[in-house]
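> Dropping a structure here in structure tokens format, bear with me for questions.
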Amino acid sequence: MMALRYTPAKDLDKFIKDNLQPDTSFREQVKRAIHIICSFLKERCFQGASHPVRVSKVVKGGSSGKGTALRGRSDADLVVFLSPLRSFQDQLTLRGLFIEEIRKQLEACQRERTFSVKFEVQNPRWDNPRVLSFVLCSPQLQEGVEFDVLPAFDALGQWTEGSRPDPQIYSKLIWECSYLGKEGEFSTCFTELQRDFLRRRPAKLKSLIRLVKHWYQMCKEKLGKPLPPKYALELLTVYAWEQGSMAPGFITAQGFQTVLELVINYQHLCIYWTLYYDSKNPDIGEYLQRQLKKPRPVILDPADPTGNLGGGDPEGWCRLAREAEAWLSFPCFERWDGSSVGSWTVPSLITYPASIAQEEEDWRCTIF
């Protein structure tokens, strides 16, 4: 595969199509694997439980659910919503028990030769793990598919795609996160919103997200140290497109350069969206005030106001910014005559207002 850094700007779309976009057989492979595990979770896993356990729904999250999976990365996140989990605190305290039960039932299926699984090594210090990771192998599959299964509280209930959740859900989330000291811990409860946020986007924007994720993966392999969450880069890509283009067709190299420039200027970033929550509810508004006053970068999860994807690791952002700065001199950002393709114009740092009660009607995002 031709190295991305040496790919001319005009050929980036071809690079994505040839190297990053999943082909039909890959998608079918993951789809079959997900069907096997979903059927297991719904029909087999909790039948013998001592107390009744109902699986209200299983939601495909991660890159497979959002439509931004990279070719060759056979992985899937499945969030399983369980009836005994009736609050965020229940999820925190009881998820380990359900993960152990899922593990036992997977091992039973393996003994019965229904399929085989290989568990990833779990850190023994984690008394209450949030995820069960394993590789599924089956005669129906050409190769193993990696899974992360996460038990969750069904906070949204029967949510309708494209609608706004009841603000009281977020009021409860904020109160419990503050009480438990677990901001961002319950993002899995809002997997459907995270998926909805990206799935509705144009195909070319999803291709740009794939390109940015590929770049991020190369940086991770080179730097070998903790970096900002990959999801933060996905959100920056959406932000760059919303503020700089909004066209279903655009010059990929310009979008790519815009994202890297945002990474370089990470100390000025304060981004949030008002698609699913806003400051009209007093509890949410007061909480957003506090979130947006935190040290930059601030990138709030559009589905979960307690999740700040920008915070926690300034050194990681610094390392990624240095790498982004070096990349801007590579051919993938040059025109045929050697000049820069340029970037989209996006808002730069402005003074943080005293109140966010007067929000823009535009729900897409705000930067301070």
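Residue numbering restarts at 1 in every chain; chains get A, B, ... in the order shown in the structure tokens, and ligands count up from 1 in that same order.
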Name the residues of stretch 263-343 of chain A that fall into helix (DSSP H, G or I) according to DSSP on the backbone, using the chain letters and numbers of this document, as number ranges by chain.

A: 263-264, 266-268, 282-292, 314-327, 331-333

> Using only C-alpha atoms, which residues of stretch 131-225 of chain A come within 8 Å of stretch 237-244 of chain A, and what is the closest atom pair for each, with the distance in Å to one decimal? Give it as a Markdown table, sorted by chain and residue number.


| residue | atom | partner | partner_atom | distance |
| --- | --- | --- | --- | --- |
| A:Leu205 | CA | A:Trp241 | CA | 7.5 |
| A:Leu208 | CA | A:Thr237 | CA | 7.5 |
| A:Ile209 | CA | A:Thr237 | CA | 6.3 |
| A:Val212 | CA | A:Thr237 | CA | 7.7 |

> Fewer than 2 positions away in the same chain doesn't count, so skip those; otherwise give me all residues within 7 Å of stretch 79-95 of chain A, counting only C-alpha atoms, as a list in words.

Val53, Arg54, Val55, Ser56, Lys57, Val58, Val59, Lys60, Gly61, Asp77, Leu97, Phe98, Ile99, Arg130, Val149, Leu150, Pro151, Ala152, Phe153, Asp154, Glu176, Phe186 and Thr188 of chain A

> How about saving the chosen residues, N, CA and C atoms kept, as an mmCIF file, in the first residue's frame?


data_model
loop_
_atom_site.group_PDB
_atom_site.id
_atom_site.type_symbol
_atom_site.label_atom_id
_atom_site.label_comp_id
_atom_site.auth_asym_id
_atom_site.auth_seq_id
_atom_site.Cartn_x
_atom_site.Cartn_y
_atom_site.Cartn_z
ATOM 1 N N VAL A 53 -33.807 -11.878 33.792
ATOM 2 C CA VAL A 53 -33.025 -10.858 33.103
ATOM 3 C C VAL A 53 -33.570 -10.745 31.680
ATOM 4 N N ARG A 54 -34.036 -9.566 31.343
ATOM 5 C CA ARG A 54 -34.539 -9.335 29.990
ATOM 6 C C ARG A 54 -33.570 -8.433 29.241
ATOM 7 N N VAL A 55 -33.233 -8.824 28.030
ATOM 8 C CA VAL A 55 -32.409 -7.984 27.162
ATOM 9 C C VAL A 55 -33.354 -7.081 26.378
ATOM 10 N N SER A 56 -33.412 -5.805 26.749
ATOM 11 C CA SER A 56 -34.351 -4.904 26.079
ATOM 12 C C SER A 56 -33.924 -4.601 24.650
ATOM 13 N N LYS A 57 -32.609 -4.524 24.428
ATOM 14 C CA LYS A 57 -32.102 -4.314 23.071
ATOM 15 C C LYS A 57 -30.592 -4.496 23.076
ATOM 16 N N VAL A 58 -30.057 -4.794 21.902
ATOM 17 C CA VAL A 58 -28.614 -4.852 21.697
ATOM 18 C C VAL A 58 -28.306 -3.862 20.580
ATOM 19 N N VAL A 59 -27.412 -2.915 20.844
ATOM 20 C CA VAL A 59 -27.127 -1.839 19.886
ATOM 21 C C VAL A 59 -25.690 -1.959 19.396
ATOM 22 N N LYS A 60 -25.541 -1.947 18.095
ATOM 23 C CA LYS A 60 -24.215 -1.981 17.487
ATOM 24 C C LYS A 60 -23.619 -0.582 17.534
ATOM 25 N N GLY A 61 -22.510 -0.441 18.246
ATOM 26 C CA GLY A 61 -21.846 0.855 18.350
ATOM 27 C C GLY A 61 -20.508 0.842 17.649
ATOM 28 N N ASP A 77 -18.467 -3.253 18.486
ATOM 29 C CA ASP A 77 -18.893 -2.943 19.847
ATOM 30 C C ASP A 77 -20.382 -3.238 19.952
ATOM 31 N N LEU A 97 -20.926 -8.290 37.316
ATOM 32 C CA LEU A 97 -21.636 -9.565 37.486
ATOM 33 C C LEU A 97 -22.176 -10.068 36.156
ATOM 34 N N PHE A 98 -22.714 -9.142 35.352
ATOM 35 C CA PHE A 98 -23.276 -9.547 34.062
ATOM 36 C C PHE A 98 -22.183 -9.897 33.063
ATOM 37 N N ILE A 99 -21.061 -9.216 33.141
ATOM 38 C CA ILE A 99 -19.940 -9.565 32.269
ATOM 39 C C ILE A 99 -19.463 -10.978 32.586
ATOM 40 N N ARG A 130 -15.760 -2.871 32.737
ATOM 41 C CA ARG A 130 -16.895 -2.278 32.027
ATOM 42 C C ARG A 130 -17.157 -2.978 30.704
ATOM 43 N N VAL A 149 -18.227 -6.310 24.332
ATOM 44 C CA VAL A 149 -19.622 -6.338 24.785
ATOM 45 C C VAL A 149 -19.705 -5.565 26.093
ATOM 46 N N LEU A 150 -20.646 -4.601 26.139
ATOM 47 C CA LEU A 150 -20.746 -3.706 27.294
ATOM 48 C C LEU A 150 -22.177 -3.698 27.826
ATOM 49 N N PRO A 151 -22.417 -4.186 29.045
ATOM 50 C CA PRO A 151 -23.744 -4.080 29.653
ATOM 51 C C PRO A 151 -24.055 -2.618 29.989
ATOM 52 N N ALA A 152 -25.333 -2.219 29.829
ATOM 53 C CA ALA A 152 -25.676 -0.811 30.064
ATOM 54 C C ALA A 152 -27.109 -0.667 30.554
ATOM 55 N N PHE A 153 -27.339 0.442 31.239
ATOM 56 C CA PHE A 153 -28.665 0.879 31.678
ATOM 57 C C PHE A 153 -29.377 1.539 30.501
ATOM 58 N N ASP A 154 -30.616 1.147 30.267
ATOM 59 C CA ASP A 154 -31.371 1.680 29.128
ATOM 60 C C ASP A 154 -31.978 3.034 29.483
ATOM 61 N N GLU A 176 -26.131 12.021 38.900
ATOM 62 C CA GLU A 176 -25.462 10.784 39.315
ATOM 63 C C GLU A 176 -23.964 10.835 39.047
ATOM 64 N N PHE A 186 -20.732 6.866 31.562
ATOM 65 C CA PHE A 186 -21.949 6.211 31.094
ATOM 66 C C PHE A 186 -22.283 6.539 29.638
ATOM 67 N N THR A 188 -21.914 4.749 27.154
ATOM 68 C CA THR A 188 -22.515 3.599 26.477
ATOM 69 C C THR A 188 -24.042 3.661 26.485
#

> Restricting the calculation to only C-alpha atoms, which member of A:Pro228, A:Gly249, A:Gly342, A:Pro295 is positioned closest to A:Ala321?

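Looking only at the distances to A:Ala321, the closest residue turns out to be A:Pro228.
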
> Extract, using only C-alpha atoms, all DNA, RNA and protein residues at most 10 Å from A:Gln194, discarding same-chain residues fewer than 3 positions from it, and format them as a VMD selection string.

chain A and resid 61 to 62 65 to 66 187 to 191 197 to 199 301 to 304

> Just write the chosen residues, N, CA, C and O atoms, as a compact mmCIF listing (two decimals), in the first residue's frame.


# COMPACT_ATOMS: atom_id res chain seq x y z
N GLY A 61 -22.51 -0.44 18.25
CA GLY A 61 -21.85 0.86 18.35
C GLY A 61 -20.51 0.84 17.65
O GLY A 61 -20.25 0.02 16.77
N GLY A 62 -19.63 1.75 18.05
CA GLY A 62 -18.30 1.80 17.46
C GLY A 62 -18.34 2.17 16.00
O GLY A 62 -19.34 2.64 15.47
N GLY A 65 -21.11 0.49 13.79
CA GLY A 65 -22.43 1.10 13.92
C GLY A 65 -22.54 2.45 13.26
O GLY A 65 -23.60 2.83 12.74
N LYS A 66 -21.45 3.21 13.28
CA LYS A 66 -21.46 4.57 12.72
C LYS A 66 -21.22 4.61 11.22
O LYS A 66 -21.40 5.65 10.59
N SER A 187 -21.27 6.82 28.85
CA SER A 187 -21.50 7.15 27.44
C SER A 187 -22.15 6.00 26.69
O SER A 187 -22.86 6.20 25.70
N THR A 188 -21.91 4.75 27.15
CA THR A 188 -22.52 3.60 26.48
C THR A 188 -24.04 3.66 26.49
O THR A 188 -24.68 3.13 25.58
N CYS A 189 -24.61 4.31 27.49
CA CYS A 189 -26.07 4.44 27.56
C CYS A 189 -26.62 5.25 26.39
O CYS A 189 -27.81 5.17 26.08
N PHE A 190 -25.76 6.03 25.75
CA PHE A 190 -26.18 6.94 24.69
C PHE A 190 -25.58 6.54 23.34
O PHE A 190 -25.42 7.36 22.44
N THR A 191 -25.27 5.24 23.22
CA THR A 191 -24.69 4.73 21.98
C THR A 191 -25.57 5.01 20.77
O THR A 191 -25.08 5.33 19.68
N PHE A 197 -25.72 10.46 15.35
CA PHE A 197 -24.98 11.69 15.06
C PHE A 197 -24.11 11.56 13.82
O PHE A 197 -23.97 12.50 13.02
N LEU A 198 -23.51 10.38 13.63
CA LEU A 198 -22.60 10.19 12.49
C LEU A 198 -23.26 9.51 11.29
O LEU A 198 -22.90 9.78 10.15
N ARG A 199 -24.22 8.64 11.52
CA ARG A 199 -24.79 7.87 10.41
C ARG A 199 -25.50 8.75 9.40
O ARG A 199 -25.56 8.42 8.22
N ASP A 301 -18.89 15.31 24.09
CA ASP A 301 -19.61 14.28 23.35
C ASP A 301 -21.00 14.83 23.02
O ASP A 301 -21.74 15.23 23.91
N PRO A 302 -21.39 14.87 21.73
CA PRO A 302 -22.71 15.41 21.39
C PRO A 302 -23.86 14.62 22.00
O PRO A 302 -24.97 15.14 22.12
N ALA A 303 -23.60 13.38 22.41
CA ALA A 303 -24.64 12.54 23.02
C ALA A 303 -24.61 12.57 24.54
O ALA A 303 -25.59 12.18 25.19
N ASP A 304 -23.51 13.05 25.13
CA ASP A 304 -23.31 12.95 26.58
C ASP A 304 -22.53 14.17 27.08
O ASP A 304 -21.31 14.23 26.91

> Using only C-alpha atoms, determine which residues lie at most 7 Å from A:Gly255, disregarding the query and same-chain residues fewer than 2 positions distant; provide the list as a VMD selection string.

chain A and resid 241 251 to 253 257 to 259 343 to 344

> Selected residues, N, CA, C and O atoms, written as an mmCIF file, in the first residue's frame, please.


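Contents of again-v1.cif, as written:
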data_model
loop_
_atom_site.group_PDB
_atom_site.id
_atom_site.type_symbol
_atom_site.label_atom_id
_atom_site.label_comp_id
_atom_site.auth_asym_id
_atom_site.auth_seq_id
_atom_site.Cartn_x
_atom_site.Cartn_y
_atom_site.Cartn_z
ATOM 1 N N TRP A 241 -15.953 19.974 8.959
ATOM 2 C CA TRP A 241 -16.851 19.958 7.802
ATOM 3 C C TRP A 241 -18.051 20.879 8.008
ATOM 4 O O TRP A 241 -18.441 21.622 7.114
ATOM 5 N N ILE A 251 -13.159 18.973 -1.436
ATOM 6 C CA ILE A 251 -11.793 18.531 -1.706
ATOM 7 C C ILE A 251 -11.263 17.860 -0.444
ATOM 8 O O ILE A 251 -11.081 18.500 0.588
ATOM 9 N N THR A 252 -11.013 16.564 -0.523
ATOM 10 C CA THR A 252 -10.628 15.778 0.648
ATOM 11 C C THR A 252 -9.375 16.316 1.311
ATOM 12 O O THR A 252 -9.291 16.386 2.544
ATOM 13 N N ALA A 253 -8.379 16.705 0.512
ATOM 14 C CA ALA A 253 -7.119 17.199 1.080
ATOM 15 C C ALA A 253 -7.348 18.447 1.926
ATOM 16 O O ALA A 253 -6.692 18.634 2.958
ATOM 17 N N GLN A 257 -6.457 18.666 5.847
ATOM 18 C CA GLN A 257 -5.572 19.704 6.365
ATOM 19 C C GLN A 257 -6.257 20.510 7.468
ATOM 20 O O GLN A 257 -5.626 20.867 8.472
ATOM 21 N N THR A 258 -7.553 20.774 7.304
ATOM 22 C CA THR A 258 -8.290 21.532 8.321
ATOM 23 C C THR A 258 -8.290 20.791 9.653
ATOM 24 O O THR A 258 -8.080 21.392 10.713
ATOM 25 N N VAL A 259 -8.496 19.469 9.606
ATOM 26 C CA VAL A 259 -8.512 18.681 10.842
ATOM 27 C C VAL A 259 -7.145 18.732 11.517
ATOM 28 O O VAL A 259 -7.046 18.922 12.743
ATOM 29 N N SER A 343 -6.792 25.167 3.583
ATOM 30 C CA SER A 343 -7.764 24.565 4.500
ATOM 31 C C SER A 343 -9.038 25.383 4.511
ATOM 32 O O SER A 343 -9.090 26.506 3.993
ATOM 33 N N TRP A 344 -10.072 24.811 5.094
ATOM 34 C CA TRP A 344 -11.330 25.534 5.239
ATOM 35 C C TRP A 344 -11.198 26.585 6.341
ATOM 36 O O TRP A 344 -10.398 26.451 7.271
#

> Enumerate the residues of stretch 216-308 of chain A with a DSSP assignment of strand (DSSP E), computed from the backbone, and present them as a list in words.

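Strand (DSSP E) assignments inside stretch 216-308 of chain A correspond to Cys270, Ile271, Tyr272, Val298, Ile299, Leu300, Asp301, Asp304, Pro305, Thr306, Gly307 and Asn308 of chain A.
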
> For a test of reading the model, state the distance in Å between atom CA of A:Cys137 and atom CA of A:Lys230, rounded to one decimal.

26.9 Å

> Smallest atom-to-atom distance to A:Leu141: which of A:Val30, A:Leu262, A:Leu275, A:Leu328, using only C-alpha atoms?

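Of A:Val30, A:Leu262, A:Leu275, A:Leu328, the one nearest A:Leu141 is A:Val30, counting only C-alpha atoms.
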
> Residues within 10 Å of A:Asp166, please, as a short mmCIF file (atom, residue, chain, number, x, y, z; two decimals) with all heavy atoms, in the first residue's frame. Count only C-alpha atoms; anything in the same chain fewer than 5 positions from it doesn't count.


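So the final result, stored in around-v5.cif, reads:
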data_model
loop_
_atom_site.label_atom_id
_atom_site.label_comp_id
_atom_site.auth_asym_id
_atom_site.auth_seq_id
_atom_site.Cartn_x
_atom_site.Cartn_y
_atom_site.Cartn_z
N LEU A 156 -32.34 5.74 27.62
CA LEU A 156 -33.16 6.37 26.57
C LEU A 156 -34.50 5.69 26.38
O LEU A 156 -35.46 6.30 25.88
CB LEU A 156 -32.40 6.37 25.24
CG LEU A 156 -31.14 7.23 25.17
CD1 LEU A 156 -30.45 7.04 23.82
CD2 LEU A 156 -31.47 8.70 25.38
N TRP A 159 -36.31 5.23 22.30
CA TRP A 159 -35.95 6.49 21.64
C TRP A 159 -36.20 6.40 20.14
O TRP A 159 -35.92 5.37 19.51
CB TRP A 159 -34.48 6.81 21.91
CG TRP A 159 -33.95 7.97 21.14
CD1 TRP A 159 -34.14 9.30 21.40
CD2 TRP A 159 -33.12 7.91 19.97
NE1 TRP A 159 -33.50 10.06 20.46
CE2 TRP A 159 -32.87 9.24 19.57
CE3 TRP A 159 -32.58 6.86 19.22
CZ2 TRP A 159 -32.08 9.54 18.46
CZ3 TRP A 159 -31.81 7.16 18.11
CH2 TRP A 159 -31.57 8.48 17.74
N SER A 171 -30.55 15.45 33.16
CA SER A 171 -30.51 15.96 34.54
C SER A 171 -30.12 14.84 35.50
O SER A 171 -29.28 15.02 36.40
CB SER A 171 -31.87 16.54 34.94
OG SER A 171 -32.17 17.69 34.19
N TYR A 276 -28.81 17.15 20.89
CA TYR A 276 -29.54 16.30 21.83
C TYR A 276 -29.74 16.94 23.20
O TYR A 276 -30.57 16.48 23.98
CB TYR A 276 -28.80 14.97 22.00
CG TYR A 276 -28.60 14.23 20.70
CD1 TYR A 276 -27.33 13.98 20.20
CD2 TYR A 276 -29.69 13.81 19.94
CE1 TYR A 276 -27.14 13.30 19.00
CE2 TYR A 276 -29.51 13.14 18.73
CZ TYR A 276 -28.22 12.89 18.27
OH TYR A 276 -28.04 12.24 17.08
N TYR A 277 -28.97 17.95 23.54
CA TYR A 277 -29.12 18.67 24.81
C TYR A 277 -28.73 20.12 24.60
O TYR A 277 -27.95 20.45 23.71
CB TYR A 277 -28.28 18.04 25.92
CG TYR A 277 -26.80 17.95 25.60
CD1 TYR A 277 -25.95 19.05 25.76
CD2 TYR A 277 -26.23 16.75 25.13
CE1 TYR A 277 -24.59 18.96 25.47
CE2 TYR A 277 -24.88 16.66 24.84
CZ TYR A 277 -24.07 17.77 25.01
OH TYR A 277 -22.73 17.69 24.71
#

> With distances taken over only C-alpha atoms, which residue among A:Leu227, A:Val341, A:Val346, A:Met246 lies nearest A:Gly316?

A:Leu227

> Between atom CA of A:Gln291 and atom CA of A:Thr345, what is the distance in Å, rounded to a tenth?

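That distance, rounded to one decimal, is 25.7 Å.
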
> Considering only C-alpha atoms, can you say which of A:Leu235, A:Val298, A:Ile16, A:Ile36 comes closest to A:His268?

A:Val298
